[in-house]
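Structure file work-v5.cif with mmCIF, C-alpha atoms:
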data_input
#
loop_
_atom_site.label_atom_id
_atom_site.label_comp_id
_atom_site.auth_asym_id
_atom_site.auth_seq_id
_atom_site.Cartn_x
_atom_site.Cartn_y
_atom_site.Cartn_z
CA MET A 1133 -17.99 -0.54 -9.47
CA TYR A 1134 -17.02 -0.41 -5.81
CA GLU A 1135 -16.42 -4.13 -5.82
CA GLY A 1136 -14.28 -5.83 -3.22
CA LEU A 1137 -10.57 -6.27 -3.93
CA LEU A 1138 -8.86 -9.56 -4.73
CA PHE A 1139 -5.65 -10.36 -2.84
CA VAL A 1140 -3.39 -13.25 -3.78
CA VAL A 1141 -1.17 -14.49 -0.95
CA SER A 1142 1.47 -16.99 -1.95
CA GLY A 1143 4.97 -18.10 -1.12
CA PRO A 1144 6.98 -21.27 -0.55
CA SER A 1145 5.44 -24.13 1.40
CA GLY A 1146 6.35 -23.55 5.07
CA ALA A 1147 6.65 -19.75 4.82
CA GLY A 1148 3.50 -19.47 6.91
CA LYS A 1149 0.99 -18.14 4.37
CA GLY A 1150 -1.79 -20.36 5.73
CA THR A 1151 -1.39 -19.15 9.32
CA ILE A 1152 -1.21 -15.52 8.19
CA CYS A 1153 -4.41 -15.87 6.14
CA LYS A 1154 -6.29 -17.47 9.06
CA ARG A 1155 -5.25 -14.58 11.32
CA LEU A 1156 -6.34 -12.06 8.66
CA LYS A 1157 -9.76 -13.66 8.49
CA ASP A 1158 -10.14 -13.33 12.28
CA LYS A 1159 -8.88 -9.74 12.27
CA LEU A 1160 -10.48 -8.24 9.17
CA ASN A 1161 -13.83 -8.48 7.46
CA ILE A 1162 -12.59 -10.50 4.49
CA ASP A 1163 -13.52 -13.71 2.72
CA LEU A 1164 -10.91 -16.43 2.53
CA SER A 1165 -11.42 -18.58 -0.55
CA VAL A 1166 -11.59 -22.32 0.17
CA SER A 1167 -9.80 -24.35 -2.49
CA ILE A 1168 -10.85 -27.68 -3.96
CA THR A 1169 -8.18 -30.40 -3.82
CA THR A 1170 -7.58 -34.03 -4.70
CA ARG A 1171 -5.07 -34.36 -1.83
CA GLU A 1172 -5.93 -36.42 1.26
CA PRO A 1173 -6.90 -34.41 4.35
CA ARG A 1174 -4.04 -33.91 6.87
CA PRO A 1175 -4.81 -34.51 10.56
CA GLY A 1176 -6.77 -31.56 11.94
CA GLU A 1177 -7.98 -30.28 8.57
CA VAL A 1178 -11.71 -29.67 8.19
CA GLU A 1179 -13.80 -30.23 5.02
CA GLY A 1180 -15.17 -26.91 3.74
CA VAL A 1181 -12.79 -24.89 5.95
CA SER A 1182 -9.30 -26.13 5.05
CA TYR A 1183 -10.32 -27.46 1.62
CA TYR A 1184 -13.11 -29.18 -0.23
CA TYR A 1185 -11.77 -32.72 -0.78
CA VAL A 1186 -12.77 -34.33 -4.07
CA SER A 1187 -11.75 -37.23 -6.31
CA LYS A 1188 -9.68 -36.66 -9.43
CA ASP A 1189 -12.77 -37.26 -11.58
CA GLU A 1190 -14.79 -34.66 -9.69
CA PHE A 1191 -11.91 -32.18 -10.02
CA THR A 1192 -11.67 -32.76 -13.78
CA LYS A 1193 -15.42 -32.20 -14.15
CA VAL A 1194 -15.22 -28.72 -12.53
CA LEU A 1195 -12.14 -27.94 -14.62
CA ASP A 1196 -13.88 -28.93 -17.88
CA GLU A 1197 -16.83 -26.69 -17.00
CA GLY A 1198 -14.43 -23.70 -16.64
CA GLY A 1199 -15.22 -23.52 -12.95
CA PHE A 1200 -11.72 -22.65 -11.71
CA LEU A 1201 -10.18 -19.19 -11.42
CA GLU A 1202 -6.83 -20.99 -11.30
CA TYR A 1203 -5.63 -24.51 -10.68
CA ALA A 1204 -2.29 -26.19 -10.12
CA LEU A 1205 -0.67 -29.59 -9.81
CA VAL A 1206 1.55 -29.60 -6.70
CA PHE A 1207 3.51 -32.70 -5.64
CA GLY A 1208 1.06 -34.91 -7.53
CA ASN A 1209 -2.14 -33.37 -6.16
CA TYR A 1210 -4.51 -30.93 -7.83
CA TYR A 1211 -5.63 -27.69 -6.16
CA GLY A 1212 -8.12 -25.21 -7.63
CA THR A 1213 -9.93 -22.00 -6.69
CA PRO A 1214 -13.68 -22.15 -7.42
CA LYS A 1215 -14.55 -19.13 -9.59
CA GLU A 1216 -18.22 -18.66 -8.63
CA SER A 1217 -17.81 -18.10 -4.87
CA VAL A 1218 -14.94 -15.60 -5.37
CA MET A 1219 -16.95 -13.59 -7.91
CA GLN A 1220 -20.01 -13.51 -5.64
CA SER A 1221 -17.98 -12.15 -2.71
CA LEU A 1222 -16.32 -9.45 -4.84
CA LYS A 1223 -19.69 -8.33 -6.26
CA LYS A 1224 -21.02 -7.96 -2.73
CA GLY A 1225 -18.13 -5.54 -2.12
CA ARG A 1226 -16.20 -7.97 0.05
CA ASP A 1227 -12.43 -8.40 -0.16
CA VAL A 1228 -11.30 -11.91 -1.03
CA VAL A 1229 -7.96 -13.44 -0.11
CA LEU A 1230 -6.67 -16.40 -2.15
CA GLU A 1231 -3.95 -18.42 -0.45
CA ILE A 1232 -2.43 -20.15 -3.44
CA ASP A 1233 0.69 -21.58 -4.93
CA ILE A 1234 2.91 -19.59 -7.32
CA GLN A 1235 1.70 -21.50 -10.42
CA GLY A 1236 -1.86 -20.50 -9.53
CA ALA A 1237 -0.86 -16.91 -8.80
CA MET A 1238 0.68 -16.58 -12.26
CA GLN A 1239 -2.66 -17.68 -13.78
CA ILE A 1240 -4.53 -15.07 -11.70
CA ARG A 1241 -2.15 -12.40 -13.00
CA LYS A 1242 -3.49 -13.13 -16.48
CA THR A 1243 -7.18 -13.54 -15.66
CA SER A 1244 -7.43 -10.83 -12.93
CA PRO A 1245 -4.71 -8.25 -13.56
CA ASP A 1246 -6.25 -5.91 -10.95
CA ALA A 1247 -5.58 -8.40 -8.15
CA VAL A 1248 -2.95 -7.47 -5.56
CA PHE A 1249 -0.09 -9.97 -5.26
CA ILE A 1250 1.62 -10.57 -1.91
CA PHE A 1251 4.57 -12.94 -1.49
CA ILE A 1252 5.27 -14.40 1.97
CA LEU A 1253 8.94 -15.10 2.62
CA PRO A 1254 10.58 -17.10 5.39
CA PRO A 1255 13.28 -15.12 7.26
CA SER A 1256 15.93 -17.60 6.01
CA MET A 1257 16.24 -20.98 4.31
CA SER A 1258 17.45 -22.61 7.55
CA GLU A 1259 14.33 -21.31 9.31
CA LEU A 1260 12.22 -22.71 6.45
CA ARG A 1261 13.90 -26.12 6.89
CA LYS A 1262 13.15 -25.98 10.62
CA ARG A 1263 9.47 -25.22 9.98
CA ILE A 1264 9.01 -27.96 7.38
CA THR A 1265 10.84 -30.46 9.62
CA GLY A 1266 8.65 -29.39 12.56
CA ARG A 1267 5.53 -30.59 10.74
CA GLY A 1268 6.86 -34.11 11.21
CA SER A 1269 4.95 -35.31 8.16
CA GLU A 1270 7.82 -35.25 5.67
CA THR A 1271 10.81 -37.49 4.88
CA GLU A 1272 14.32 -36.00 4.51
CA ASP A 1273 14.05 -36.34 0.71
CA ALA A 1274 10.68 -34.60 0.68
CA ILE A 1275 12.11 -31.78 2.82
CA ASN A 1276 15.05 -31.27 0.45
CA MET A 1277 12.68 -31.28 -2.50
CA ARG A 1278 10.53 -28.61 -0.83
CA LEU A 1279 13.58 -26.45 -0.06
CA GLY A 1280 14.82 -26.69 -3.65
CA LYS A 1281 11.35 -25.77 -4.88
CA ALA A 1282 11.18 -22.84 -2.43
CA LEU A 1283 14.40 -21.42 -3.83
CA LYS A 1284 13.05 -21.60 -7.39
CA GLU A 1285 9.78 -20.02 -6.30
CA VAL A 1286 11.53 -17.07 -4.68
CA SER A 1287 12.75 -16.00 -8.12
CA TYR A 1288 9.11 -15.22 -9.05
CA ILE A 1289 9.02 -12.47 -6.46
CA ASP A 1290 9.37 -9.70 -9.04
CA LYS A 1291 5.97 -10.72 -10.42
CA TYR A 1292 4.44 -9.70 -7.07
CA ASP A 1293 3.46 -6.27 -5.77
CA TYR A 1294 4.48 -6.81 -2.16
CA CYS A 1295 6.64 -9.17 -0.16
CA VAL A 1296 6.36 -9.74 3.57
CA VAL A 1297 9.04 -11.58 5.55
CA ASN A 1298 7.32 -13.82 8.09
CA GLY A 1299 9.83 -13.71 10.94
CA GLU A 1300 7.54 -12.63 13.76
CA LEU A 1301 3.96 -13.77 12.98
CA ASN A 1302 2.05 -10.80 14.48
CA GLU A 1303 4.25 -8.30 12.65
CA ALA A 1304 3.74 -10.19 9.36
CA VAL A 1305 -0.05 -10.20 9.86
CA GLU A 1306 0.01 -6.45 10.63
CA ARG A 1307 1.96 -5.83 7.44
CA VAL A 1308 -0.48 -7.75 5.25
CA ALA A 1309 -3.40 -6.01 6.99
CA ALA A 1310 -1.76 -2.62 6.22
CA ILE A 1311 -1.40 -3.63 2.56
CA ILE A 1312 -5.11 -4.53 2.38
CA LYS A 1313 -6.09 -1.21 4.00
CA ALA A 1314 -3.70 0.82 1.83
CA GLU A 1315 -4.91 -0.76 -1.41
CA HIS A 1316 -8.39 0.60 -0.69
CA SER A 1317 -6.91 4.11 -0.91
CA ARG A 1318 -5.22 3.52 -4.24
CA VAL A 1319 -6.17 5.96 -6.99
CA SER A 1320 -8.31 4.01 -9.46
CA GLU A 1321 -11.07 4.56 -12.02
CA ASP A 1322 -13.61 4.99 -9.20
CA ILE A 1323 -12.04 8.32 -8.28
CA TYR A 1324 -13.60 10.02 -11.30
CA ASP A 1325 -17.05 9.58 -9.78
CA LEU A 1326 -15.91 11.51 -6.72
CA ILE A 1327 -14.40 14.30 -8.84
CA LYS A 1328 -17.65 14.52 -10.81
CA MET A 1329 -19.56 14.88 -7.54
CA TYR A 1330 -17.29 17.76 -6.46
CA LYS A 1331 -17.79 19.52 -9.79
CA GLU A 1332 -21.57 19.20 -9.64
CA GLU A 1333 -21.53 20.52 -6.10
CA LEU A 1334 -19.68 23.77 -6.84
CA PRO A 1335 -20.89 26.53 -6.52
CA CYS A 1336 -21.92 25.31 -3.07
CA MET B 551 20.30 1.05 -0.24
CA TYR B 552 17.76 0.56 2.54
CA GLU B 553 17.17 4.27 2.62
CA GLY B 554 14.05 5.78 4.14
CA LEU B 555 11.04 6.36 1.89
CA LEU B 556 9.81 9.74 0.70
CA PHE B 557 6.07 10.43 1.00
CA VAL B 558 4.40 13.45 -0.56
CA VAL B 559 1.14 14.47 1.06
CA SER B 560 -0.84 17.12 -0.76
CA GLY B 561 -4.35 18.23 -1.50
CA PRO B 562 -6.46 21.37 -1.58
CA SER B 563 -6.02 24.01 1.10
CA GLY B 564 -8.48 23.10 3.88
CA ALA B 565 -8.56 19.35 3.17
CA GLY B 566 -6.68 18.80 6.43
CA LYS B 567 -3.27 17.65 5.18
CA GLY B 568 -1.45 19.67 7.85
CA THR B 569 -3.40 18.13 10.73
CA ILE B 570 -2.98 14.64 9.30
CA CYS B 571 0.80 15.10 8.96
CA LYS B 572 1.14 16.36 12.54
CA ARG B 573 -0.75 13.31 13.81
CA LEU B 574 1.46 11.02 11.71
CA LYS B 575 4.58 12.55 13.26
CA ASP B 576 3.20 11.85 16.75
CA LYS B 577 2.15 8.32 15.82
CA LEU B 578 5.02 7.06 13.66
CA ASN B 579 8.78 7.38 13.67
CA ILE B 580 8.95 9.71 10.66
CA ASP B 581 10.53 13.07 9.82
CA LEU B 582 8.22 15.84 8.73
CA SER B 583 10.01 18.26 6.43
CA VAL B 584 9.77 21.91 7.50
CA SER B 585 9.32 24.24 4.52
CA ILE B 586 10.85 27.65 4.01
CA THR B 587 8.34 30.41 3.18
CA THR B 588 8.14 34.11 2.46
CA ARG B 589 4.62 34.26 3.90
CA GLU B 590 3.96 35.99 7.24
CA PRO B 591 3.46 33.66 10.22
CA ARG B 592 -0.21 33.04 11.13
CA PRO B 593 -1.22 33.26 14.81
CA GLY B 594 -0.04 30.14 16.65
CA GLU B 595 2.59 29.15 14.07
CA VAL B 596 6.12 28.49 15.36
CA GLU B 597 9.41 29.28 13.53
CA GLY B 598 11.27 26.06 12.70
CA VAL B 599 8.18 23.91 13.40
CA SER B 600 5.45 25.32 11.15
CA TYR B 601 7.87 26.92 8.69
CA TYR B 602 11.17 28.75 8.45
CA TYR B 603 10.15 32.35 7.71
CA VAL B 604 12.50 34.24 5.39
CA SER B 605 12.53 37.35 3.22
CA LYS B 606 12.09 37.13 -0.54
CA ASP B 607 15.81 37.85 -0.99
CA GLU B 608 16.82 35.04 1.34
CA PHE B 609 14.44 32.67 -0.48
CA THR B 610 15.90 33.62 -3.87
CA LYS B 611 19.44 33.00 -2.57
CA VAL B 612 18.61 29.38 -1.54
CA LEU B 613 16.80 28.88 -4.86
CA ASP B 614 19.81 30.14 -6.88
CA GLU B 615 22.08 27.74 -4.97
CA GLY B 616 19.85 24.80 -6.02
CA GLY B 617 18.88 24.26 -2.40
CA PHE B 618 15.22 23.36 -2.96
CA LEU B 619 13.79 19.93 -3.72
CA GLU B 620 10.72 21.80 -4.95
CA TYR B 621 9.28 25.27 -4.60
CA ALA B 622 6.02 26.97 -5.46
CA LEU B 623 4.36 30.36 -5.58
CA VAL B 624 0.99 30.15 -3.84
CA PHE B 625 -1.31 33.16 -3.47
CA GLY B 626 1.69 35.52 -3.84
CA ASN B 627 3.96 33.74 -1.34
CA TYR B 628 6.89 31.40 -1.97
CA TYR B 629 7.18 28.00 -0.31
CA GLY B 630 10.12 25.61 -0.72
CA THR B 631 11.38 22.28 0.63
CA PRO B 632 15.06 22.42 1.68
CA LYS B 633 16.88 19.60 -0.13
CA GLU B 634 19.72 18.97 2.34
CA SER B 635 17.68 18.05 5.42
CA VAL B 636 15.40 15.68 3.46
CA MET B 637 18.38 13.87 1.92
CA GLN B 638 20.09 13.50 5.30
CA SER B 639 16.99 11.92 6.86
CA LEU B 640 16.52 9.46 3.96
CA LYS B 641 20.19 8.41 4.11
CA LYS B 642 19.78 7.67 7.82
CA GLY B 643 16.98 5.27 6.81
CA ARG B 644 14.24 7.54 8.12
CA ASP B 645 10.97 8.08 6.26
CA VAL B 646 10.27 11.68 5.31
CA VAL B 647 6.83 13.19 4.77
CA LEU B 648 6.53 16.35 2.68
CA GLU B 649 3.30 18.27 3.15
CA ILE B 650 3.27 20.31 -0.02
CA ASP B 651 1.13 21.97 -2.61
CA ILE B 652 0.25 20.27 -5.93
CA GLN B 653 2.69 22.44 -7.94
CA GLY B 654 5.48 21.27 -5.66
CA ALA B 655 4.34 17.65 -5.80
CA MET B 656 4.52 17.70 -9.61
CA GLN B 657 8.17 18.84 -9.35
CA ILE B 658 8.96 16.00 -6.90
CA ARG B 659 7.47 13.53 -9.39
CA LYS B 660 10.20 14.58 -11.81
CA THR B 661 13.13 14.80 -9.37
CA SER B 662 12.20 11.84 -7.10
CA PRO B 663 10.10 9.39 -9.14
CA ASP B 664 10.36 6.77 -6.33
CA ALA B 665 8.44 8.99 -3.91
CA VAL B 666 4.94 7.89 -2.90
CA PHE B 667 2.20 10.41 -3.68
CA ILE B 668 -0.84 10.74 -1.42
CA PHE B 669 -3.72 13.12 -2.15
CA ILE B 670 -5.91 14.26 0.74
CA LEU B 671 -9.51 14.99 -0.27
CA PRO B 672 -12.25 16.76 1.65
CA PRO B 673 -15.46 14.67 1.89
CA SER B 674 -17.32 17.33 -0.16
CA MET B 675 -16.91 20.87 -1.48
CA SER B 676 -19.48 22.19 0.99
CA GLU B 677 -17.45 20.66 3.85
CA LEU B 678 -14.30 22.27 2.40
CA ARG B 679 -16.08 25.67 2.34
CA LYS B 680 -17.10 25.17 5.99
CA ARG B 681 -13.51 24.37 7.01
CA ILE B 682 -11.99 27.33 5.17
CA THR B 683 -14.68 29.67 6.56
CA GLY B 684 -14.02 28.29 10.05
CA ARG B 685 -10.44 29.58 9.98
CA GLY B 686 -11.95 33.09 10.11
CA SER B 687 -8.89 34.52 8.37
CA GLU B 688 -10.32 34.76 4.87
CA THR B 689 -12.67 37.12 3.04
CA GLU B 690 -15.61 35.75 0.99
CA ASP B 691 -13.67 36.44 -2.22
CA ALA B 692 -10.61 34.61 -0.91
CA ILE B 693 -12.78 31.64 0.09
CA ASN B 694 -14.32 31.43 -3.38
CA MET B 695 -10.89 31.67 -4.96
CA ARG B 696 -9.65 28.80 -2.76
CA LEU B 697 -12.68 26.66 -3.65
CA GLY B 698 -12.18 27.27 -7.37
CA LYS B 699 -8.51 26.39 -6.98
CA ALA B 700 -9.39 23.24 -5.01
CA LEU B 701 -11.61 22.05 -7.83
CA LYS B 702 -8.81 22.54 -10.37
CA GLU B 703 -6.36 20.76 -8.08
CA VAL B 704 -8.58 17.70 -7.69
CA SER B 705 -8.10 17.01 -11.42
CA TYR B 706 -4.42 16.25 -10.68
CA ILE B 707 -5.44 13.25 -8.60
CA ASP B 708 -4.54 10.75 -11.31
CA LYS B 709 -0.90 11.81 -10.91
CA TYR B 710 -1.02 10.43 -7.35
CA ASP B 711 -0.65 6.87 -6.08
CA TYR B 712 -3.21 7.09 -3.28
CA CYS B 713 -6.09 9.30 -2.25
CA VAL B 714 -7.52 9.50 1.23
CA VAL B 715 -10.84 11.21 1.96
CA ASN B 716 -10.50 13.16 5.20
CA GLY B 717 -14.03 12.84 6.59
CA GLU B 718 -13.22 11.45 10.02
CA LEU B 719 -9.71 12.56 11.05
CA ASN B 720 -8.62 9.41 12.97
CA GLU B 721 -9.70 7.17 10.11
CA ALA B 722 -7.80 9.33 7.59
CA VAL B 723 -4.64 9.20 9.77
CA GLU B 724 -4.97 5.40 10.05
CA ARG B 725 -5.27 5.14 6.28
CA VAL B 726 -2.13 7.19 5.62
CA ALA B 727 -0.27 5.23 8.31
CA ALA B 728 -1.31 1.97 6.58
CA ILE B 729 -0.01 3.34 3.25
CA ILE B 730 3.37 4.15 4.86
CA LYS B 731 3.58 0.67 6.40
CA ALA B 732 2.48 -1.08 3.21
CA GLU B 733 4.99 0.78 1.03
CA HIS B 734 7.80 -0.73 3.11
CA SER B 735 6.66 -4.17 1.91
CA ARG B 736 6.62 -3.21 -1.76
CA VAL B 737 8.76 -5.39 -4.01
CA SER B 738 11.73 -3.24 -5.06
CA GLU B 739 15.36 -3.59 -6.14
CA ASP B 740 16.38 -4.37 -2.53
CA ILE B 741 14.64 -7.73 -2.75
CA TYR B 742 17.44 -9.16 -4.89
CA ASP B 743 19.85 -8.94 -1.94
CA LEU B 744 17.49 -11.14 0.08
CA ILE B 745 17.16 -13.69 -2.76
CA LYS B 746 20.96 -13.76 -3.06
CA MET B 747 21.19 -14.48 0.67
CA TYR B 748 18.76 -17.42 0.35
CA LYS B 749 20.74 -18.86 -2.56
CA GLU B 750 24.04 -18.63 -0.68
CA GLU B 751 22.43 -20.29 2.32
CA LEU B 752 21.19 -23.42 0.50
CA PRO B 753 22.21 -26.25 1.06
CA CYS B 754 21.58 -25.42 4.71
#

What's the C-alpha cells form of this structure?
Amino acid sequence: MYEGLLFVVSGPSGAGKGTICKRLKDKLNIDLSVSITTREPRPGEVEGVSYYYVSKDEFTKVLDEGGFLEYALVFGNYYGTPKESVMQSLKKGRDVVLEIDIQGAMQIRKTSPDAVFIFILPPSMSELRKRITGRGSETEDAINMRLGKALKEVSYIDKYDYCVVNGELNEAVERVAAIIKAEHSRVSEDIYDLIKMYKEELPC
Amino acid sequence: MYEGLLFVVSGPSGAGKGTICKRLKDKLNIDLSVSITTREPRPGEVEGVSYYYVSKDEFTKVLDEGGFLEYALVFGNYYGTPKESVMQSLKKGRDVVLEIDIQGAMQIRKTSPDAVFIFILPPSMSELRKRITGRGSETEDAINMRLGKALKEVSYIDKYDYCVVNGELNEAVERVAAIIKAEHSRVSEDIYDLIKMYKEELPC
C-alpha cells in the first residue's frame, strides 16, 4: 500500500534514454536502478553509478539465485536489474526508474504488470545514425546493425504505455517528468481507502 | 488525426473544479468549454464566460436538435455542453477541457470513450462543508443535501482515469497540467504513422 511506482524507460540504443534518466534523477526525487553487466566499462563510466561490472560467472550466480527482476543478452553482453534494491526502494515509497532494453522490459511486463512503460524514440532514423556515429566507438557495420535493431525494436511500441520523442532533450525530460507526476494521480485500488475515510467522516 | 484531446474534469460541488479549470486556461493553451444553463446567473458570473444563460424552452430546442455532447439536470436546473464548439476546437488540434457534473461525465464516457476523465476530490468532507458554507449562498438544508450528494458522487470515482485531491490549489493545478501533458505522450493509433516514417527512412 502506498508503495512507490515502477517506471520502465526503454528504447533503441542512441535514442537518449540514459541521458533522460540521469536528468530525471537530478530533477525528481526518484531512484535510478543500477544494472549489473558483464560488459567492459566504457571511458567515463563509473562502477556502482553507470553499472556494477561483474564476470560472467558472477552474473550467472545471481541469475541462478533468482536475483534479477529482468535480464537480457545484448550484443554478446549480459545486463540484469538486481531485484532486491528495486523492491526496497518501492517499499520505502520511492519511485524507481529502470533504464532497460526492450527484451528486459517485456520480462517486467510479466513480473510487474503495474509498472509504467515509457518508450524513448529518436526524432528520425537519420538523427539516430548521427548520434550513434557521434559516439565514435562503433564501426560502420556495428552502426548498421544497431540501426536495423532499432527499427525492429520500434515495432514493440504498442506494448508500452507512453512514447516520448527525444528531439529536444529538455522537452523530452519534461514530458517524462509529467508522466511520472500524472501516474501518481491515476485511480487505483488505494482510492477506496480515501472513499472509506469520507464515508466515516460524514455526518461532519 | 492529430486532433486535440478531450479532458473531462468533474467532482462534487465545492471540490474546486471550477477554480482549477480557470487556472488551467490561464496556464496552458487549452479551450475551456462554456456550458449552456437554465440556472440564474450568480453574482459575478459573466454571460459567455461562466455560462450561456437560456430559458428552458431555448434549452429544449438545442436538445431536440441533438446539439448537446452531454446534458444534466442538477438541483432543478439544466446544464449542457454545446457539441459544435467542442468539435471545432478538437479538429483544430486544440485540447478541450469540460468542467461538468458526474451525470454529464458518464454520458461523455459513452459518446467519447477516448476522452480522459479526471475527478477532483476535496481533502475531506469537513473541508468540503467549510467551502460550501463559505459561499454564503446556501441554507443549512441545501448544504447537507450537497454533502450527501458529494458522498454518492465519490463512488463513481472508479469510472475515472485520474483523481486529484484539491488540498493546496497550486499543487492540484500542477497535477492536472501534468496529466494533460502526459496524455499527449500516450501510445495511440497515431504512433503507427511515425513507425511507417522510420521504416521508409531506412536505409538512411

Once you count only C-alpha atoms, which residues of chain A turn out to be within 7 Å of chain B? Could you give them as a PDB file with C-alpha atoms, in the frame of the given file?
ATOM      1  CA  SER A1256      15.930 -17.600   6.010  1.00  0.00           C
ATOM      2  CA  MET A1257      16.240 -20.980   4.310  1.00  0.00           C
ATOM      3  CA  SER A1258      17.450 -22.610   7.550  1.00  0.00           C
ATOM      4  CA  LEU A1283      14.400 -21.420  -3.830  1.00  0.00           C
ATOM      5  CA  VAL A1286      11.530 -17.070  -4.680  1.00  0.00           C
ATOM      6  CA  ASP A1290       9.370  -9.700  -9.040  1.00  0.00           C
ATOM      7  CA  TYR A1292       4.440  -9.700  -7.070  1.00  0.00           C
ATOM      8  CA  ASP A1293       3.460  -6.270  -5.770  1.00  0.00           C
ATOM      9  CA  TYR A1294       4.480  -6.810  -2.160  1.00  0.00           C
ATOM     10  CA  CYS A1295       6.640  -9.170  -0.160  1.00  0.00           C
ATOM     11  CA  VAL A1296       6.360  -9.740   3.570  1.00  0.00           C
ATOM     12  CA  ARG A1307       1.960  -5.830   7.440  1.00  0.00           C
ATOM     13  CA  ALA A1310      -1.760  -2.620   6.220  1.00  0.00           C
ATOM     14  CA  ILE A1311      -1.400  -3.630   2.560  1.00  0.00           C
ATOM     15  CA  LYS A1313      -6.090  -1.210   4.000  1.00  0.00           C
ATOM     16  CA  ALA A1314      -3.700   0.820   1.830  1.00  0.00           C
ATOM     17  CA  SER A1317      -6.910   4.110  -0.910  1.00  0.00           C
ATOM     18  CA  ARG A1318      -5.220   3.520  -4.240  1.00  0.00           C
ATOM     19  CA  VAL A1319      -6.170   5.960  -6.990  1.00  0.00           C
ATOM     20  CA  ILE A1327     -14.400  14.300  -8.840  1.00  0.00           C
ATOM     21  CA  TYR A1330     -17.290  17.760  -6.460  1.00  0.00           C
ATOM     22  CA  LYS A1331     -17.790  19.520  -9.790  1.00  0.00           C
ATOM     23  CA  GLU A1333     -21.530  20.520  -6.100  1.00  0.00           C
ATOM     24  CA  LEU A1334     -19.680  23.770  -6.840  1.00  0.00           C
ATOM     25  CA  CYS A1336     -21.920  25.310  -3.070  1.00  0.00           C
TER      26      CYS A1336
END

(request) Enumerate, as a ChimeraX atom specification, the residues matched when the PyMOL selection byres ((chain A and resi 1209-1213) around 10) is run on the file above. (result) /A:1165-1172,1183-1188,1191-1192,1194-1195,1199-1208,1214-1218,1230-1233,1236

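Interatomic distance, CA of Ala565 (chain B) to CA of Asn716 (chain B): 6.8 Å.
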
(message) Using only C-alpha atoms, which protein or nucleic acid residues come within 7 Å of region 659-666 of chain B? Drop anything in the same chain fewer than 5 positions from it, and give the result as a list in words.
(response) Leu555, Leu556, Phe557, Val558 and Asp711 of chain B

Please, could you write that set of residues out with C-alpha atoms as a short mmCIF file (atom, residue, chain, number, x, y, z; two decimals), in the coordinates of the input?
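File produced: part_35.cif:
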data_model
loop_
_atom_site.label_atom_id
_atom_site.label_comp_id
_atom_site.auth_asym_id
_atom_site.auth_seq_id
_atom_site.Cartn_x
_atom_site.Cartn_y
_atom_site.Cartn_z
CA LEU B 555 11.04 6.36 1.89
CA LEU B 556 9.81 9.74 0.70
CA PHE B 557 6.07 10.43 1.00
CA VAL B 558 4.40 13.45 -0.56
CA ASP B 711 -0.65 6.87 -6.08
#

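Across the structure, CA of Leu640 (chain B) and CA of Val723 (chain B) are spaced 21.9 Å apart.
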
(message) List as a list in words the protein and nucleic acid residues near Ile580 (chain B), meaning an atom at most 8 Å away when only C-alpha atoms are counted, but skip any in the same chain fewer than 6 places from it.
(response) Leu574, Arg644, Asp645, Val646 and Val647 of chain B
